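**Student:** Sending over structure.txt (compact mmCIF, C-alpha atoms).
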# COMPACT_ATOMS: atom_id res chain seq x y z
CA MET A 1 114.19 89.14 115.75
CA ILE A 2 117.62 89.82 117.21
CA ASN A 3 119.39 86.59 118.00
CA THR A 4 120.73 87.32 121.46
CA THR A 5 121.93 83.84 122.35
CA VAL A 6 123.98 82.81 119.32
CA LYS A 7 127.04 84.32 117.64
CA LYS A 8 126.78 83.89 113.88
CA ILE A 9 130.06 83.69 111.99
CA LEU A 10 130.59 83.69 108.24
CA ASP A 11 133.57 81.41 107.62
CA ILE A 12 135.25 82.10 104.25
CA ASP A 13 137.93 79.65 103.18
CA LEU A 14 139.91 81.23 100.33
CA GLU A 15 142.01 78.08 99.85
CA ALA A 16 139.00 75.80 99.31
CA GLN A 17 136.98 78.63 97.68
CA LYS A 18 133.96 78.00 99.86
CA ALA A 19 132.01 79.71 102.59
CA GLU A 20 129.62 78.65 105.32
CA THR A 21 127.86 80.22 108.29
CA LYS A 22 128.52 78.79 111.72
CA SER A 23 126.52 79.44 114.87
CA PHE A 24 128.15 79.34 118.29
CA THR A 25 126.19 79.29 121.53
CA ASP A 26 129.29 79.25 123.73
CA LEU A 27 130.85 82.58 122.69
CA ASN A 28 128.32 85.00 124.16
CA ASN A 29 130.56 86.03 127.04
CA TYR A 30 132.92 87.59 124.49
CA PHE A 31 130.14 90.06 123.56
CA GLY A 32 131.38 90.89 120.06
CA GLY A 33 133.90 93.11 118.28
CA THR A 34 137.41 92.60 119.56
CA GLY A 35 136.39 90.32 122.43
CA LEU A 36 134.77 87.91 119.98
CA GLY A 37 137.44 88.54 117.35
CA LEU A 38 140.25 87.52 119.69
CA LYS A 39 138.43 84.34 120.69
CA LEU A 40 137.98 83.50 117.01
CA LEU A 41 141.65 84.30 116.41
CA GLU A 42 142.50 81.68 119.04
CA MET A 43 140.13 79.17 117.41
CA TYR A 44 141.48 79.82 113.89
CA SER A 45 145.10 80.50 114.89
CA GLU A 46 146.53 77.86 112.53
CA LYS A 47 144.78 79.42 109.52
CA ASN A 48 146.16 82.98 109.52
CA PRO A 49 142.67 84.50 109.76
CA LEU A 50 141.48 88.01 109.06
CA ILE A 51 138.54 88.62 111.39
CA ILE A 52 136.05 91.47 110.98
CA SER A 53 133.46 91.82 113.73
CA THR A 54 130.61 93.97 114.97
CA GLY A 55 129.37 94.29 118.51
CA PRO A 56 125.85 93.83 119.91
CA LEU A 57 125.02 97.56 119.78
CA ASN A 58 126.23 98.30 116.23
CA GLY A 59 123.39 99.43 114.00
CA PHE A 60 121.14 100.09 117.01
CA PHE A 61 122.69 102.99 118.92
CA PRO A 62 124.41 106.23 117.93
CA PHE A 63 128.22 106.51 117.98
CA VAL A 64 128.61 102.69 117.84
CA SER A 65 129.80 102.91 114.28
CA LYS A 66 133.07 101.06 113.85
CA ALA A 67 133.97 97.49 112.85
CA SER A 68 136.73 95.63 114.65
CA ILE A 69 139.50 93.97 112.65
CA VAL A 70 141.69 91.41 114.40
CA LEU A 71 144.69 89.79 112.76
CA ILE A 72 148.24 88.65 113.29
CA ASN A 73 150.92 90.93 111.86
CA ASP A 74 154.55 89.78 111.99
CA GLY A 75 153.68 87.41 114.86
CA ALA A 76 151.89 90.07 116.93
CA VAL A 77 148.15 90.24 117.57
CA GLU A 78 146.74 93.54 116.30
CA ASP A 79 143.30 95.10 116.54
CA ILE A 80 142.32 98.02 114.35
CA TYR A 81 138.99 99.76 113.68
CA LEU A 82 137.32 100.80 110.45
CA GLY A 83 134.54 103.39 110.15
CA GLY A 84 131.99 104.11 107.44
CA SER A 85 129.00 101.86 106.89
CA ILE A 86 130.71 98.48 107.36
CA SER A 87 129.46 97.86 110.90
CA THR A 88 125.80 98.42 110.07
CA ARG A 89 126.04 96.32 106.90
CA ILE A 90 127.57 93.37 108.76
CA LYS A 91 124.96 93.75 111.49
CA PHE A 92 122.09 93.91 108.99
CA ALA A 93 123.58 90.92 107.18
CA GLY A 94 122.75 89.08 110.40
CA LEU A 95 126.39 88.37 111.20
CA ASP A 96 128.57 88.94 114.23
CA SER A 97 131.88 88.15 112.53
CA ILE A 98 133.41 87.41 109.17
CA VAL A 99 136.42 85.10 109.34
CA ILE A 100 138.50 85.02 106.16
CA HIS A 101 141.23 82.39 106.16
CA GLY A 102 143.61 80.68 103.76
CA THR A 103 145.03 82.26 100.62
CA ALA A 104 143.31 82.55 97.27
CA LYS A 105 145.25 81.24 94.27
CA GLU A 106 144.07 84.13 92.12
CA GLU A 107 143.18 87.69 93.04
CA THR A 108 139.67 87.52 94.51
CA VAL A 109 136.70 89.74 95.19
CA ILE A 110 134.34 88.63 97.96
CA GLU A 111 130.64 89.39 97.73
CA ILE A 112 128.64 88.94 100.92
CA GLN A 113 124.85 89.11 100.84
CA ASN A 114 123.45 88.46 104.29
CA SER A 115 124.71 84.99 105.28
CA ASP A 116 125.98 84.04 101.83
CA ALA A 117 129.41 84.70 100.38
CA PHE A 118 130.41 84.44 96.73
CA LEU A 119 134.03 84.41 95.60
CA LYS A 120 134.61 86.18 92.31
CA GLU A 121 137.49 87.02 89.98
CA GLY A 122 139.65 89.98 90.98
CA SER A 123 138.63 91.87 87.84
CA THR A 124 134.99 92.00 88.99
CA ASP A 125 133.66 95.56 89.28
CA LEU A 126 132.88 95.98 92.98
CA GLU A 127 130.27 98.63 92.19
CA SER A 128 128.29 96.00 90.30
CA LEU A 129 127.88 93.85 93.42
CA GLY A 130 125.32 94.04 96.20
CA LEU A 131 122.46 96.46 96.69
CA PRO A 132 123.23 100.19 96.57
CA GLY A 133 122.12 101.96 99.73
CA LYS A 134 122.36 98.74 101.73
CA ARG A 135 125.96 97.77 101.06
CA THR A 136 129.48 98.74 101.88
CA VAL A 137 132.28 98.46 99.35
CA ILE A 138 135.83 97.88 100.53
CA GLU A 139 138.53 98.10 97.91
CA PHE A 140 142.30 97.70 97.91
CA ASP A 141 143.69 100.26 95.49
CA GLY A 142 147.24 98.92 95.71
CA GLU A 143 148.18 101.38 98.42
CA LYS A 144 145.36 101.48 100.99
CA VAL A 145 142.25 99.46 101.74
CA ILE A 146 139.43 102.00 101.45
CA SER A 147 135.87 101.57 102.61
CA ASP A 148 133.03 103.60 101.09
CA GLN A 149 135.65 105.47 98.99
CA TYR A 150 136.84 107.31 102.10
CA PHE A 151 137.49 105.37 105.32
CA THR A 152 140.79 103.60 106.03
CA THR A 153 142.58 101.90 108.94
CA PRO A 154 145.79 102.90 110.75
CA GLU A 155 149.16 101.34 109.87
CA ASN A 156 149.31 98.88 106.98
CA TYR A 157 148.18 95.71 108.73
CA LEU A 158 145.00 95.32 106.71
CA GLU A 159 146.75 96.08 103.42
CA LYS A 160 149.39 93.41 104.14
CA LYS A 161 146.67 90.89 104.90
CA PHE A 162 144.82 91.70 101.66
CA ILE A 163 148.06 91.16 99.71
CA GLU A 164 148.89 87.92 101.58
CA LYS A 165 145.42 86.52 100.94
CA ASN A 166 145.04 87.83 97.40
CA ILE A 167 141.94 89.85 98.21
CA LYS A 168 141.07 92.74 95.88
CA GLY A 169 137.92 93.84 97.66
CA LEU A 170 134.69 93.08 99.44
CA SER A 171 131.08 94.06 99.00
CA ILE A 172 128.81 93.48 102.01
CA THR A 173 125.04 93.86 101.76
CA GLY A 174 122.68 93.53 104.70
CA THR A 175 118.90 93.40 104.36
CA GLU A 176 117.84 91.97 107.71
CA VAL A 177 115.40 94.04 109.77
CA TYR A 178 115.16 93.83 113.55
CA SER A 179 112.60 94.69 116.14
CA PRO A 180 114.15 95.21 119.59
CA LYS A 181 112.50 93.35 122.45
CA ASP A 182 111.45 96.44 124.33
CA PHE A 183 111.03 98.94 121.51
CA ASP A 184 109.87 101.90 123.59
CA GLU A 185 112.72 101.46 126.05
CA TYR A 186 115.15 101.09 123.15
CA LYS A 187 113.86 104.26 121.48
CA ASN A 188 114.08 106.27 124.72
CA LEU A 189 117.64 105.09 125.30
CA TYR A 190 118.57 105.89 121.70
CA GLU A 191 117.35 109.46 122.06
CA GLU A 192 118.94 109.85 125.47
CA ILE A 193 122.33 108.81 124.09
CA LEU A 194 121.95 110.92 120.95
CA ASN A 195 121.39 113.93 123.21
CA ARG A 196 124.73 113.24 124.90
CA LYS A 197 126.77 114.17 121.81
CA ASP A 198 128.38 117.03 123.74
CA GLU A 199 130.20 114.35 125.75
CA LEU A 200 132.07 113.19 122.66
CA SER A 201 135.67 114.30 122.43
CA VAL A 202 135.29 115.44 118.81
CA GLU A 203 133.60 118.44 117.26
CA MET A 204 130.84 118.16 114.67
CA GLY A 205 132.03 118.69 111.11
CA GLY A 206 131.04 118.28 107.51
CA TYR A 207 133.16 115.25 106.65
CA PRO A 208 131.72 111.92 105.47
CA SER A 209 130.35 110.29 108.60
CA CYS A 210 130.09 106.74 109.84
CA SER A 211 126.66 105.13 109.55
CA GLY A 212 124.63 105.95 112.66
CA CYS A 213 126.86 108.82 113.79
CA PRO A 214 125.86 112.43 113.10
CA MET A 215 129.24 113.94 114.00
CA GLY A 216 130.97 114.08 110.58
CA CYS A 217 134.14 114.61 112.57
CA GLY A 218 136.83 113.88 110.02
CA LYS A 219 138.84 111.80 112.49
CA SER A 220 137.10 108.57 111.54
CA LYS A 221 138.73 108.69 108.10
CA ILE A 222 141.92 107.10 109.42
CA GLY A 223 140.29 104.54 111.73
CA GLU A 224 141.41 103.66 115.22
CA ILE A 225 143.81 101.48 117.18
CA GLY A 226 142.57 99.44 120.16
CA GLY A 227 142.31 100.74 123.70
CA ASN A 228 139.47 99.93 126.06
CA ILE A 229 138.25 96.33 125.89
CA LEU A 230 134.58 97.08 126.56
CA LEU A 231 134.52 99.92 124.04
CA ASN A 232 136.30 97.75 121.45
CA SER A 233 134.02 94.76 122.05
CA LEU A 234 130.97 96.93 121.52
CA VAL A 235 132.94 98.55 118.68
CA ALA A 236 131.86 102.00 119.76
CA CYS A 237 133.77 105.03 118.58
CA GLN A 238 136.75 105.86 120.80
CA TYR A 239 135.53 109.46 120.98
CA ALA A 240 132.32 108.22 122.65
CA ASP A 241 134.22 106.52 125.45
CA LYS A 242 132.51 108.56 128.18
CA ILE A 243 129.19 107.02 127.13
CA TYR A 244 130.14 103.47 126.25
CA THR A 245 132.54 102.68 129.07
CA ASP A 246 129.73 103.44 131.51
CA ILE A 247 128.62 99.97 132.56
CA GLY A 248 125.12 101.12 133.57
CA THR A 249 124.48 102.66 130.15
CA VAL A 250 125.87 99.63 128.33
CA PHE A 251 123.78 97.28 130.46
CA SER A 252 120.60 99.23 129.72
CA CYS A 253 121.32 99.29 125.98
CA LEU A 254 121.96 95.54 125.86
CA ASN A 255 118.91 94.83 127.96
CA SER A 256 116.59 96.87 125.72
CA LEU A 257 117.65 94.71 122.77
CA GLY A 258 116.93 91.51 124.68
CA TYR A 259 120.47 90.50 125.66
CA GLU A 260 120.60 88.87 129.07
CA TYR A 261 124.09 89.96 130.05
CA THR A 262 124.59 90.81 133.71
CA HIS A 263 126.71 93.60 135.17
CA GLU A 264 129.20 90.87 136.16
CA ASP A 265 129.43 89.64 132.54
CA ILE A 266 130.38 93.18 131.49
CA GLU A 267 132.84 93.59 134.33
CA ASN A 268 134.47 90.20 133.66
CA LEU A 269 135.03 90.86 129.94
CA PRO A 270 138.56 92.38 130.24
CA THR A 271 139.80 89.38 132.27
CA LEU A 272 138.26 86.94 129.80
CA VAL A 273 139.90 88.73 126.88
CA GLU A 274 143.24 88.88 128.68
CA GLN A 275 143.11 85.11 129.25
CA THR A 276 142.29 84.56 125.57
CA ILE A 277 145.22 86.69 124.40
CA LYS A 278 147.58 84.61 126.55
CA LYS A 279 146.44 81.45 124.73
CA ILE A 280 147.13 82.84 121.25
CA MET B 1 97.44 121.15 103.06
CA PRO B 2 99.75 118.06 103.06
CA LYS B 3 103.31 118.51 104.16
CA ILE B 4 106.23 116.89 102.43
CA LEU B 5 109.83 116.18 103.29
CA LYS B 6 112.22 117.54 100.71
CA PRO B 7 116.03 117.36 100.61
CA THR B 8 116.62 121.00 99.71
CA GLN B 9 120.37 120.88 100.35
CA PRO B 10 121.44 117.33 99.35
CA GLU B 11 124.97 118.53 98.65
CA LYS B 12 125.43 118.94 102.42
CA CYS B 13 124.70 115.25 103.15
CA ILE B 14 127.54 113.43 104.95
CA GLY B 15 126.07 109.94 104.61
CA CYS B 16 125.44 109.35 108.32
CA GLU B 17 122.06 107.74 107.56
CA MET B 18 120.49 109.23 110.70
CA CYS B 19 117.39 110.01 108.59
CA VAL B 20 117.19 106.40 107.40
CA PHE B 21 117.30 105.06 110.95
CA GLU B 22 114.82 107.65 112.28
CA ALA B 23 112.29 106.79 109.55
CA GLN B 24 112.71 103.10 110.34
CA ARG B 25 112.39 103.66 114.10
CA GLN B 26 109.08 105.42 113.55
CA LEU B 27 107.91 102.18 111.94
CA LYS B 28 109.28 100.23 114.92
CA LYS B 29 112.11 98.56 113.05
CA VAL B 30 115.88 98.72 112.76
CA GLY B 31 117.61 98.00 109.45
CA MET B 32 117.92 99.34 105.91
CA GLU B 33 115.34 97.18 104.13
CA GLU B 34 112.24 98.97 102.84
CA SER B 35 113.35 102.26 104.32
CA LEU B 36 111.34 105.23 103.09
CA VAL B 37 114.50 107.30 102.72
CA ARG B 38 117.69 105.94 101.21
CA VAL B 39 121.17 107.35 100.96
CA PHE B 40 123.37 106.41 98.02
CA ARG B 41 127.08 107.00 97.79
CA LYS B 42 127.88 108.46 94.39
CA LYS B 43 130.88 107.04 92.63
CA SER B 44 133.27 109.91 92.17
CA GLU B 45 136.78 110.37 90.90
CA GLY B 46 139.41 110.91 93.58
CA LYS B 47 139.39 109.74 97.17
CA GLN B 48 138.29 113.04 98.72
CA ASN B 49 135.25 113.69 96.56
CA VAL B 50 132.58 111.65 98.27
CA GLU B 51 129.05 112.67 97.36
CA PHE B 52 125.67 111.35 98.38
CA GLU B 53 122.28 111.10 96.74
CA LEU B 54 118.99 110.84 98.58
CA GLU B 55 115.92 108.97 97.44
CA ILE B 56 112.64 109.59 99.21
CA ASP B 57 109.57 107.41 99.02
CA PRO B 58 106.50 109.72 99.09
CA ARG B 59 104.97 107.48 101.77
CA ILE B 60 107.47 108.99 104.18
CA ASN B 61 105.17 112.00 104.48
CA ILE B 62 102.79 110.06 106.72
CA LEU B 63 105.58 109.82 109.31
CA ASP B 64 106.77 112.50 111.69
CA ILE B 65 108.81 114.25 109.00
CA GLU B 66 109.71 117.18 111.25
CA LYS B 67 111.59 114.71 113.43
CA ILE B 68 113.29 113.09 110.44
CA SER B 69 114.31 116.53 109.26
CA SER B 70 115.58 117.60 112.67
CA VAL B 71 117.71 114.48 113.21
CA CYS B 72 119.85 115.44 110.20
CA PRO B 73 123.02 117.12 111.52
CA ARG B 74 123.54 119.03 108.26
CA LYS B 75 120.02 120.40 107.76
CA VAL B 76 119.68 118.71 104.39
CA PHE B 77 115.87 118.55 104.60
CA GLU B 78 113.03 120.98 104.82
CA VAL B 79 109.38 120.30 105.57
CA LEU B 80 107.31 122.03 102.92
CA ILE B 81 103.64 122.40 102.12
CA GLU B 82 102.59 120.90 98.78
CA GLN B 83 100.66 124.00 97.71
CA ASP B 84 103.61 126.20 98.57
CA LEU B 85 105.76 124.10 96.29
CA VAL B 86 103.29 124.65 93.47
CA ASP B 87 103.28 128.38 94.25
CA GLY B 88 107.05 128.42 94.46
CA LYS B 89 107.00 129.28 98.16
CA ASP B 90 108.92 127.21 100.70
CA GLN B 91 107.02 127.75 103.94
CA LYS B 92 106.78 125.66 107.07
CA HIS B 93 103.29 124.79 108.30
CA GLU B 94 101.51 123.19 111.25
CA LYS B 95 99.32 120.10 110.75
CA SER B 96 95.60 120.29 111.57
CA ALA B 97 94.16 117.89 114.18
CA GLU B 98 92.38 116.03 111.39
CA GLN B 99 95.59 115.61 109.42
CA GLU B 100 97.41 114.41 112.56
CA GLU B 101 94.72 111.78 113.11
CA ASP B 102 94.88 110.63 109.48
CA ILE B 103 98.67 110.37 109.68
CA GLU B 104 98.53 108.34 112.90
CA ARG B 105 96.05 105.94 111.29
CA LYS B 106 98.25 105.40 108.23
CA LYS B 107 101.33 105.00 110.40
CA ARG B 108 99.62 102.38 112.59
CA PHE B 109 98.72 100.47 109.45
CA MET B 110 102.35 100.48 108.23
CA ILE B 111 103.65 99.36 111.64
CA GLU B 112 101.13 96.52 111.78
CA GLU B 113 102.13 95.48 108.27
CA ASN B 114 105.80 95.43 109.33
CA LEU B 115 105.09 93.40 112.44
CA GLN B 116 103.19 90.85 110.35
CA ASN B 117 106.18 90.56 107.99
CA ASP B 118 108.52 90.13 110.98
Represent the supplied structure as structure tokens.
**Tutor:**
Amino acid sequence: MINTTVKKILDIDLEAQKAETKSFTDLNNYFGGTGLGLKLLEMYSEKNPLIISTGPLNGFFPFVSKASIVLINDGAVEDIYLGGSISTRIKFAGLDSIVIHGTAKEETVIEIQNSDAFLKEGSTDLESLGLPGKRTVIEFDGEKVISDQYFTTPENYLEKKFIEKNIKGLSITGTEVYSPKDFDEYKNLYEEILNRKDELSVEMGGYPSCSGCPMGCGKSKIGEIGGNILLNSLVACQYADKIYTDIGTVFSCLNSLGYEYTHEDIENLPTLVEQTIKKI
Amino acid sequence: MPKILKPTQPEKCIGCEMCVFEAQRQLKKVGMEESLVRVFRKKSEGKQNVEFELEIDPRINILDIEKISSVCPRKVFEVLIEQDLVDGKDQKHEKSAEQEEDIERKKRFMIEENLQND
């Protein structure tokens, strides 16, 4: 079942070398992605966190294929977006966010399998971790942080954070299976949205594609920088903004999965996020 | 004659996993676990050379494989008839009413099994 009332966070403390999952019932109004990531940034502000989040539609609908990364870079709050298979793997791990805080004493590789995290030596072969076909591998090659051997993020914020925290890489495996509340409605909506691919502002191509997106556009290789709060909290692709900034469509998608958000909750999200940013 | 789903052009795969999700949706589930088609990223030298491998569980052929094939944006799959494969011919074919009924029965069984596991 999809847990529509609780946000599940995997808290990884590199300093103490331990990890635990935490469930929050009071963060639902932040939806997910950057909305949730910024709230967590406020909550963990003393711990220099690196926060990777998915939104409620990731893994379920087409073109909702990015993961949100929120962090502080040189005193400024930054949000960047990574493509590939990371968003579906975090979703199928049963998590909404991964919060990595503190600094490891030695270079570290993090292995996440559903709700569990294991901290390993930096020399560990990332390809030996997790379950092939159900995992994403994110590796820092000394120059860029690369996901699935292809996808990166803009600027060098993520790379600086990996160096600061002594992270060599991550492997994330997700094996959870969900059954949407109203499956027929969900399936109809899925197909309706898939048929709207002409509304995307990218052309189809033959480049490696993000999980759940048929476009193969080539633009997802370099990731994205934040823009629209709703889009970034769902963590939909910026090129699908015509679809996922439409409140009616978003409402229907959420509703088919069992989320009880109202139109007002969706409309109020930008104000809520703005208030959160002011507190950081 | 039974029809089978075959990745005839795997080199064109871009790893979008649309086939994985379609196969799962037909079994009324969302996720990667126990999917009847799986996409593996092949470890390759150099950042630009990303390749994919596909693994197909033969049980996938009780699903609507035309739909799984058509959801692929790169036309990696073809729906073939078993006998044609033996004969070396790659021809498309329509299912008989009896075959359709048999497929629906098997599919219902798999969905019920999934719901029980859920």
**Student:** Report, in Å with one decimal, the straight-line distance from atom CA of A:Pro49 to atom CA of A:Glu139.
**Tutor:**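 If I compute the distance from atom CA of A:Pro49 to atom CA of A:Glu139, I get 18.5 Å.
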**Student:** Once you count only C-alpha atoms, what closest atom pair and distance in Å to one decimal does each residue of chain B within 6 Å of chain A have, with rows by chain and rising residue number, as JSON lines?
**Tutor:**
{"residue": "B:Ile14", "atom": "CA", "partner": "A:Pro208", "partner_atom": "CA", "distance": 4.5}
{"residue": "B:Gly15", "atom": "CA", "partner": "A:Ser209", "partner_atom": "CA", "distance": 5.9}
{"residue": "B:Cys16", "atom": "CA", "partner": "A:Ser211", "partner_atom": "CA", "distance": 4.6}
{"residue": "B:Glu17", "atom": "CA", "partner": "A:Ser211", "partner_atom": "CA", "distance": 5.7}
{"residue": "B:Met18", "atom": "CA", "partner": "A:Gly212", "partner_atom": "CA", "distance": 5.6}
{"residue": "B:Lys29", "atom": "CA", "partner": "A:Ser179", "partner_atom": "CA", "distance": 5.0}
{"residue": "B:Val30", "atom": "CA", "partner": "A:Tyr178", "partner_atom": "CA", "distance": 5.0}
{"residue": "B:Gly31", "atom": "CA", "partner": "A:Val177", "partner_atom": "CA", "distance": 4.5}
{"residue": "B:Glu33", "atom": "CA", "partner": "A:Thr175", "partner_atom": "CA", "distance": 5.2}
{"residue": "B:Val39", "atom": "CA", "partner": "A:Gly133", "partner_atom": "CA", "distance": 5.6}
{"residue": "B:Phe40", "atom": "CA", "partner": "A:Gly133", "partner_atom": "CA", "distance": 4.9}
{"residue": "B:Lys47", "atom": "CA", "partner": "A:Gln149", "partner_atom": "CA", "distance": 6.0}
{"residue": "B:Pro73", "atom": "CA", "partner": "A:Pro214", "partner_atom": "CA", "distance": 5.7}
**Student:** Tell me, in Å to one decimal, how far atom CA of A:Pro154 is from atom CA of B:Arg74.
**Tutor:**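 Atom CA of B:Arg74 lies at a distance of 27.6 Å from atom CA of A:Pro154.
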**Student:** How many Å separate atom CA of A:Ala19 from atom CA of B:Ser35?
**Tutor:**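 Between these atoms lies a distance of 29.3 Å.
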**Student:** Excluding stretch 261-269 of chain A and any residue of its chain fewer than 2 positions from it, enumerate the residues within 8 Å of it, using all atoms listed in the file, and give them as a list in words.
**Tutor:**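 Once the adjacent positions are removed, what remains is Asn29, Tyr30, Gly35, Ile229, Leu230, Ile247, Gly248, Phe251, Leu254, Asn255, Tyr259, Thr271, Leu272 and Val273 of chain A.
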**Student:** I'd like the neighbourhood of A:Leu119 as a PyMOL selection string, where a residue qualifies if any of its atoms comes within 9 Å (using all atoms listed in the file), though same-chain residues fewer than 4 positions away should be ignored.
**Tutor:** chain A and resi 14+17-19+108-112
**Student:** Identify which of the residues A:Lys165, A:Tyr157, A:Lys105, A:Ser128 lies closest to A:Ile72, counting all atoms listed in the file when measuring atom-to-atom distances.
**Tutor:**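 Residue with the minimum atom-to-atom distance to A:Ile72: A:Tyr157.
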**Student:** For a quick check of your reading of the model, name the residues lying within 10 Å of the coordinate (126.2, 119.5, 101.4), counting only C-alpha atoms, and write them as a ChimeraX atom specification.
**Tutor:** /A:206-207 /B:8-14,51-52,74-76
**Student:** Grab the residues selected above and save them as a PDB file, in the coordinates of the input with C-alpha atoms.
**Tutor:**
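Result file is out18.pdb:
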ATOM      1  CA  GLY A 206     131.040 118.280 107.510  1.00  0.00           C
ATOM      2  CA  TYR A 207     133.160 115.250 106.650  1.00  0.00           C
TER       3      TYR A 207
ATOM      4  CA  THR B   8     116.620 121.000  99.710  1.00  0.00           C
ATOM      5  CA  GLN B   9     120.370 120.880 100.350  1.00  0.00           C
ATOM      6  CA  PRO B  10     121.440 117.330  99.350  1.00  0.00           C
ATOM      7  CA  GLU B  11     124.970 118.530  98.650  1.00  0.00           C
ATOM      8  CA  LYS B  12     125.430 118.940 102.420  1.00  0.00           C
ATOM      9  CA  CYS B  13     124.700 115.250 103.150  1.00  0.00           C
ATOM     10  CA  ILE B  14     127.540 113.430 104.950  1.00  0.00           C
ATOM     11  CA  GLU B  51     129.050 112.670  97.360  1.00  0.00           C
ATOM     12  CA  PHE B  52     125.670 111.350  98.380  1.00  0.00           C
ATOM     13  CA  ARG B  74     123.540 119.030 108.260  1.00  0.00           C
ATOM     14  CA  LYS B  75     120.020 120.400 107.760  1.00  0.00           C
ATOM     15  CA  VAL B  76     119.680 118.710 104.390  1.00  0.00           C
TER      16      VAL B  76
END
**Student:** With only C-alpha atoms as the counted atoms, please give the residues lying no more than 9 Å from B:Lys67, apart from itself and same-chain residues fewer than 3 positions off, as number ranges by chain.
**Tutor:** B: 19, 22-23, 63-64, 70-72
**Student:** Find the residues around stretch 256-258 of chain A up to 8 Å (all atoms listed in the file counted), leave out those fewer than 3 positions away in its own chain, and share them as a list in words.
**Tutor:** Ile2, Thr4, Pro180, Lys181, Asp182, Phe183, Glu185, Tyr186, Ser252 and Cys253 of chain A
**Student:** So which one's closest to A:Asp79, A:Thr153, A:Asn166, A:Ser201, A:Thr276? Using all atoms listed in the file, please.
**Tutor:**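 Nearest candidate to A:Asp79 out of A:Thr153, A:Asn166, A:Ser201, A:Thr276: A:Thr153.
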**Student:** List as number ranges by chain: which residues have an atom within 6 Å of (134.3, 110.2, 125.6), counting only C-alpha atoms?
**Tutor:** A: 199-201, 239-242
**Student:** Hey, what's within 8 Å of B:Leu27 if we count only C-alpha atoms and toss same-chain stuff fewer than 4 positions away? As a list in words, please?
**Tutor:** Ala23, Lys107, Met110, Ile111 and Asn114 of chain B
